[in-house]
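Colleague: A single structure is presented below for examination.
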Amino acid sequence: MPESPRPRPLPSPRPQPRGFATDQVHAGADPDAASGARIPPIHLTAGFVFDSFDTAAARFAGDDDGYTYSRVGNPSHTALERRLAALEGGDDAILVGSGQAAVTVALLGVLAAGDRLLSSASLYEGSRGLFRDNFSRFGIGTDFVDTPTDVEAWRRAIRPTTRALFVESIPNPSNDLHDLAALADLAHEHGLPLVVDNTLATPYLLRPLEHGADVVVHSASKFLAGHGASLGGVVVVGGDHAWARRADMHPHLHEPSALLRGSSWTDAHGDAAYARFTRDLVAARLGPTISPVHAFLLQQGVETLSLRVAQHSRNALAVAQWLHAQPDVVDVGYPGLPGHPSHALAQQYLPRGAGSVFTVTLAGGTDAARAFVDALALVSHMTHLGDVRTLVLHPASTTHAHRTSAERAAAGVHDGTLRLSVGIEDVADVVADLARGLAAVRDALTAAPAA
Ligand SMILES: Cc1ncc(COP(=O)(O)O)c(C=O)c1O
């Protein structure tokens, strides 16, 4: 097992601007040089043979860009990394085994014991738990901004030890959008990077780097794959953060490293220091490697991303409008609807569509939610999102069950709240299934004895 994390070829420099749909099928993956196969093969191998003694030494020294070992790099990973870097408009991308791994790796590339993360309180429960329960054990504290749509609240929460800002472009599940450009400006005023989880938006709807973000992460298990057959995650690095000029903020990138024969990461790589450190020292060492099979499957999904996400968003708007008109529904948390508090930000940041994951709150609380979910025939009841199929989940009894009811209410999760991830089916069929659910709610509540 190679101890040296090097070498691994970096993705090509930022490509010539091409259309999104062109990049999603072409960027990063050339026909296989050996066989001519148009679809590059799955490189199922733990390691790579060195053709000579000197080649091995050169690869470990970083003087030769060939592969060494699949935890450190594999051509099936590189192809998808290049494609995702192109789609997000980034310089480099690091593929890992899940979205949770991507969040971990991206942030551990910045943070060390004694540092603090400043995060929106409105985020995926798994990320919140990671920061609160796991990072705290490494000596990394997290401050959560409870009113994250208020940029001044972020400003007040920045401490001398804050080292990164973290936000979701479309927060899961509450959809309370943030002004990303204002947050990026604030971060940069304080010499901090802005890290954005872009899972729910995908680069088709929103490219955070274009709004000033420095690092983008994804659960590729969701929309990027679409098929729901694989887990994966990616860290995309871009932006203009001055990694090389902020020795005060990022001392780990400025100290001499034995791996670099005494140079520092910034001496060796300039502003690419963060990307190289995160790839070579964090991802390769912690080892949340994706299987080449899953990298391949994710790549097949990415090729239809724009088509799927456009249809997801169209369907979601139609479903949200229909739900909004139903008497048993008290709230529909979809920012594409004019009455939603984030509607103006949705128009600004999400002109191609406001995504397809949102909450719907039923008047009858838990009993209504149970009757609704149990009556659905087409919609799948599961904890996942971004799948081509429409999915539903009751957060208060699952993802948010361990939180107090006051905390749940603050997160927009009430007893009657369901999270929908609207798929790409014929929307009339989705609506018909939801109508079946609402009819079951009426039946159940009428049949229930008065309290
Ligand atoms: C916004 C967001 N980020 C990250 C993750 C974690 O991704 P994974 O399940 O691939 O680890 C999820 C999972 O639902 C998510 O919704």
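If you're wondering about the labels, chains in the structure tokens are A, B, ... by order shown, residues count from 1 in each chain, ligands from 1 in order shown.
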Set the distance at 9 Å and use only C-alpha atoms: which residues neighbour Ala371 in chain A once local chain neighbours fewer than 6 positions away are removed? I'd like the list as a PDB file with N, CA and C atoms, in the first residue's frame.

Modeller:
ATOM      1  N   GLY A 437     -53.594   9.761  -1.631  1.00  0.00           N
ATOM      2  CA  GLY A 437     -53.117   9.961  -0.255  1.00  0.00           C
ATOM      3  C   GLY A 437     -54.018  10.916   0.514  1.00  0.00           C
ATOM      4  N   LEU A 438     -54.402  12.019  -0.136  1.00  0.00           N
ATOM      5  CA  LEU A 438     -55.244  13.002   0.563  1.00  0.00           C
ATOM      6  C   LEU A 438     -56.641  12.441   0.831  1.00  0.00           C
ATOM      7  N   ALA A 440     -57.256   9.354   1.487  1.00  0.00           N
ATOM      8  CA  ALA A 440     -57.077   8.455   2.640  1.00  0.00           C
ATOM      9  C   ALA A 440     -56.994   9.256   3.938  1.00  0.00           C
ATOM     10  N   VAL A 441     -56.398  10.429   3.876  1.00  0.00           N
ATOM     11  CA  VAL A 441     -56.324  11.291   5.063  1.00  0.00           C
ATOM     12  C   VAL A 441     -57.731  11.663   5.499  1.00  0.00           C
ATOM     13  N   ARG A 442     -58.569  12.066   4.545  1.00  0.00           N
ATOM     14  CA  ARG A 442     -59.943  12.470   4.890  1.00  0.00           C
ATOM     15  C   ARG A 442     -60.694  11.286   5.498  1.00  0.00           C
ATOM     16  N   ASP A 443     -60.525  10.107   4.884  1.00  0.00           N
ATOM     17  CA  ASP A 443     -61.210   8.916   5.408  1.00  0.00           C
ATOM     18  C   ASP A 443     -60.756   8.625   6.839  1.00  0.00           C
ATOM     19  N   ALA A 444     -59.434   8.676   7.050  1.00  0.00           N
ATOM     20  CA  ALA A 444     -58.883   8.314   8.366  1.00  0.00           C
ATOM     21  C   ALA A 444     -59.342   9.310   9.420  1.00  0.00           C
ATOM     22  N   LEU A 445     -59.323  10.590   9.073  1.00  0.00           N
ATOM     23  CA  LEU A 445     -59.672  11.585  10.091  1.00  0.00           C
ATOM     24  C   LEU A 445     -61.170  11.596  10.359  1.00  0.00           C
TER      25      LEU A 445
END

Colleague: Please give me, as a PyMOL selection string, the residues lying within 6 Å of ligand 1 when counting only C-alpha atoms and all ligand atoms.

Modeller: chain A and resi 98-100+124+172+199+219+221+231-233

Colleague: Could you give me, as a list in words, the residues within 8 Å of Leu378 in chain A, counting only C-alpha atoms and dropping anything in the same chain fewer than 4 positions from it?

Modeller: Thr390, Asp429, Val430 and Asp433 of chain A

Colleague: If you run DSSP on the backbone here, which positions in range 297-437 of chain A get helix (DSSP H, G or I)? Please write them as a PyMOL selection string.

Modeller: chain A and resi 297-302+305-324+343-349+365-375+395-397+405-410+427-437

Colleague: Excluding same-chain residues fewer than 2 positions from Ala85 in chain A, what lies within 12 Å of it counting only C-alpha atoms, as a PyMOL selection string?

Modeller: chain A and resi 10-15+20+23-24+27-28+78-83+87-95+203+207+209+215-218+234-239+275

Colleague: Find the distance between CA of Ala396 in chain A and CA of Thr366 in chain A and write it in Å to one decimal.

Modeller: 8.6 Å

Colleague: Name the residues in contact with Ala428 in chain A at a cut-off of 12 Å, using only C-alpha atoms, excluding same-chain residues fewer than 3 positions from it; report them as a short mmCIF file (atom, residue, chain, number, x, y, z; two decimals) with N, CA, C and O atoms, in the first residue's frame.

Modeller:
data_model
loop_
_atom_site.label_atom_id
_atom_site.label_comp_id
_atom_site.auth_asym_id
_atom_site.auth_seq_id
_atom_site.Cartn_x
_atom_site.Cartn_y
_atom_site.Cartn_z
N ASN A 315 -42.12 19.24 -13.03
CA ASN A 315 -43.08 18.42 -12.30
C ASN A 315 -43.29 18.95 -10.89
O ASN A 315 -44.42 18.99 -10.38
N ALA A 316 -42.19 19.36 -10.24
CA ALA A 316 -42.29 19.83 -8.85
C ALA A 316 -43.16 21.07 -8.77
O ALA A 316 -43.99 21.20 -7.86
N ALA A 318 -45.58 21.91 -10.80
CA ALA A 318 -46.98 21.52 -11.02
C ALA A 318 -47.55 20.84 -9.77
O ALA A 318 -48.69 21.12 -9.36
N VAL A 319 -46.77 19.97 -9.15
CA VAL A 319 -47.24 19.27 -7.94
C VAL A 319 -47.43 20.27 -6.80
O VAL A 319 -48.43 20.22 -6.07
N TRP A 322 -50.56 22.25 -7.33
CA TRP A 322 -51.75 21.43 -7.06
C TRP A 322 -51.94 21.26 -5.54
O TRP A 322 -53.04 21.46 -5.03
N LEU A 378 -47.84 4.77 -6.08
CA LEU A 378 -46.78 5.04 -7.07
C LEU A 378 -45.54 5.63 -6.38
O LEU A 378 -44.40 5.26 -6.69
N GLY A 423 -40.25 13.18 -8.86
CA GLY A 423 -39.49 12.50 -9.90
C GLY A 423 -39.83 13.00 -11.30
O GLY A 423 -40.38 14.10 -11.47
N ILE A 424 -39.51 12.17 -12.28
CA ILE A 424 -39.68 12.59 -13.68
C ILE A 424 -40.83 11.85 -14.36
O ILE A 424 -40.95 11.85 -15.58
N GLU A 425 -41.69 11.21 -13.55
CA GLU A 425 -42.82 10.49 -14.14
C GLU A 425 -43.77 11.47 -14.83
O GLU A 425 -43.61 12.69 -14.71
N VAL A 431 -49.70 13.29 -9.38
CA VAL A 431 -50.81 14.02 -8.74
C VAL A 431 -51.93 13.04 -8.36
O VAL A 431 -52.49 13.12 -7.26
N ALA A 432 -52.22 12.08 -9.24
CA ALA A 432 -53.28 11.11 -8.93
C ALA A 432 -52.92 10.32 -7.67
O ALA A 432 -53.80 10.05 -6.83
N ASP A 433 -51.65 9.96 -7.52
CA ASP A 433 -51.25 9.20 -6.33
C ASP A 433 -51.36 10.08 -5.08
O ASP A 433 -51.82 9.62 -4.03
N LEU A 434 -50.93 11.34 -5.19
CA LEU A 434 -51.04 12.24 -4.04
C LEU A 434 -52.51 12.48 -3.69
O LEU A 434 -52.86 12.59 -2.51
N ALA A 435 -53.37 12.54 -4.70
CA ALA A 435 -54.81 12.71 -4.45
C ALA A 435 -55.34 11.49 -3.69
O ALA A 435 -56.18 11.62 -2.78
#

Colleague: Please identify all polymer residues within 10 Å of Leu297 in chain A, counting only C-alpha atoms, omitting same-chain residues fewer than 5 positions from it, and present them as a list of chain:residue names.

Modeller: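 After dropping sequence-adjacent residues, the list is A:Ile42, A:Ala225, A:His227, A:Gly228, A:Ala229, A:Ser230, A:Leu231, A:Gly232, A:Ser291, A:Pro292, A:Val302.
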
Colleague: Take the residues just selected and output them with N, CA and C atoms as a PDB file, in the first residue's frame.

Modeller:
ATOM      1  N   ILE A  42     -14.517   0.225 -17.047  1.00  0.00           N
ATOM      2  CA  ILE A  42     -14.419   0.333 -15.583  1.00  0.00           C
ATOM      3  C   ILE A  42     -13.071  -0.262 -15.191  1.00  0.00           C
ATOM      4  N   ALA A 225     -26.534  11.163  -9.961  1.00  0.00           N
ATOM      5  CA  ALA A 225     -26.768   9.795 -10.432  1.00  0.00           C
ATOM      6  C   ALA A 225     -28.171   9.685 -11.033  1.00  0.00           C
ATOM      7  N   HIS A 227     -30.388   7.598 -10.878  1.00  0.00           N
ATOM      8  CA  HIS A 227     -30.966   6.246 -10.933  1.00  0.00           C
ATOM      9  C   HIS A 227     -31.123   5.609  -9.562  1.00  0.00           C
ATOM     10  N   GLY A 228     -30.510   6.183  -8.547  1.00  0.00           N
ATOM     11  CA  GLY A 228     -30.678   5.625  -7.207  1.00  0.00           C
ATOM     12  C   GLY A 228     -29.995   4.284  -7.015  1.00  0.00           C
ATOM     13  N   ALA A 229     -29.032   3.963  -7.889  1.00  0.00           N
ATOM     14  CA  ALA A 229     -28.371   2.662  -7.792  1.00  0.00           C
ATOM     15  C   ALA A 229     -26.987   2.755  -7.155  1.00  0.00           C
ATOM     16  N   SER A 230     -26.500   3.951  -6.864  1.00  0.00           N
ATOM     17  CA  SER A 230     -25.122   4.115  -6.386  1.00  0.00           C
ATOM     18  C   SER A 230     -25.038   5.221  -5.354  1.00  0.00           C
ATOM     19  N   LEU A 231     -24.034   5.118  -4.500  1.00  0.00           N
ATOM     20  CA  LEU A 231     -23.679   6.242  -3.630  1.00  0.00           C
ATOM     21  C   LEU A 231     -22.379   6.846  -4.129  1.00  0.00           C
ATOM     22  N   GLY A 232     -22.240   8.133  -3.938  1.00  0.00           N
ATOM     23  CA  GLY A 232     -20.989   8.802  -4.282  1.00  0.00           C
ATOM     24  C   GLY A 232     -21.023  10.225  -3.792  1.00  0.00           C
ATOM     25  N   SER A 291     -15.950   2.942  -5.284  1.00  0.00           N
ATOM     26  CA  SER A 291     -15.586   1.849  -6.186  1.00  0.00           C
ATOM     27  C   SER A 291     -15.617   2.366  -7.623  1.00  0.00           C
ATOM     28  N   PRO A 292     -14.686   1.908  -8.475  1.00  0.00           N
ATOM     29  CA  PRO A 292     -14.736   2.304  -9.889  1.00  0.00           C
ATOM     30  C   PRO A 292     -16.067   1.928 -10.543  1.00  0.00           C
ATOM     31  N   VAL A 302     -24.897  11.159 -14.883  1.00  0.00           N
ATOM     32  CA  VAL A 302     -24.584  12.571 -15.148  1.00  0.00           C
ATOM     33  C   VAL A 302     -24.894  12.937 -16.606  1.00  0.00           C
TER      34      VAL A 302
END

Colleague: Taking only C-alpha atoms into account, name the residue in A:Phe296, A:Glu255, A:Thr417, A:Leu205 that is nearest to Ser313 in chain A.

Modeller: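 Ranked by minimum distance to Ser313 in chain A, first place goes to A:Leu205.
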
Colleague: Considering only C-alpha atoms, tabulate each residue of range 340-406 of chain A that lies at most 12 Å from range 137-154 of chain A along with its nearest interatomic pair and the corresponding distance in Å to one decimal; arrange the rows by chain and ascending residue number and present them as a Markdown table.

Modeller:
| residue | atom | partner | partner_atom | distance |
| --- | --- | --- | --- | --- |
| A:Pro341 | CA | A:Thr149 | CA | 10.0 |
| A:Ser342 | CA | A:Thr149 | CA | 9.0 |
| A:Leu345 | CA | A:Thr149 | CA | 10.1 |

Colleague: Restricted to N, CA and C atoms, what would the selected residues look like written as a PDB file, in the first residue's frame?

Modeller:
ATOM      1  N   PRO A 341     -41.338  32.524   1.113  1.00  0.00           N
ATOM      2  CA  PRO A 341     -40.422  33.592   1.542  1.00  0.00           C
ATOM      3  C   PRO A 341     -39.149  33.685   0.679  1.00  0.00           C
ATOM      4  N   SER A 342     -38.733  32.577   0.051  1.00  0.00           N
ATOM      5  CA  SER A 342     -37.511  32.619  -0.768  1.00  0.00           C
ATOM      6  C   SER A 342     -37.806  32.790  -2.259  1.00  0.00           C
ATOM      7  N   LEU A 345     -35.432  35.147  -4.107  1.00  0.00           N
ATOM      8  CA  LEU A 345     -34.082  34.570  -4.265  1.00  0.00           C
ATOM      9  C   LEU A 345     -34.106  33.418  -5.268  1.00  0.00           C
TER      10      LEU A 345
END

Colleague: I'd like the contact shell of Gln311 in chain A - 10 Å cut-off, only C-alpha atoms, skipping same-chain residues fewer than 5 positions apart - returned as a count of residues only.

Modeller: 14

Colleague: Give me every strand (DSSP E or B) residue in range 208-251 of chain A, going by DSSP on the backbone, as a list in words.

Modeller: Val215, Val216, Val217, His218, Ser219, Gly233, Val234, Val235, Val236 and Val237 of chain A

Colleague: In Å, with one decimal, what is the gap from CA of Leu194 in chain A to CA of Leu253 in chain A?

Modeller: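 Distance reported for this atom pair: 17.2 Å.
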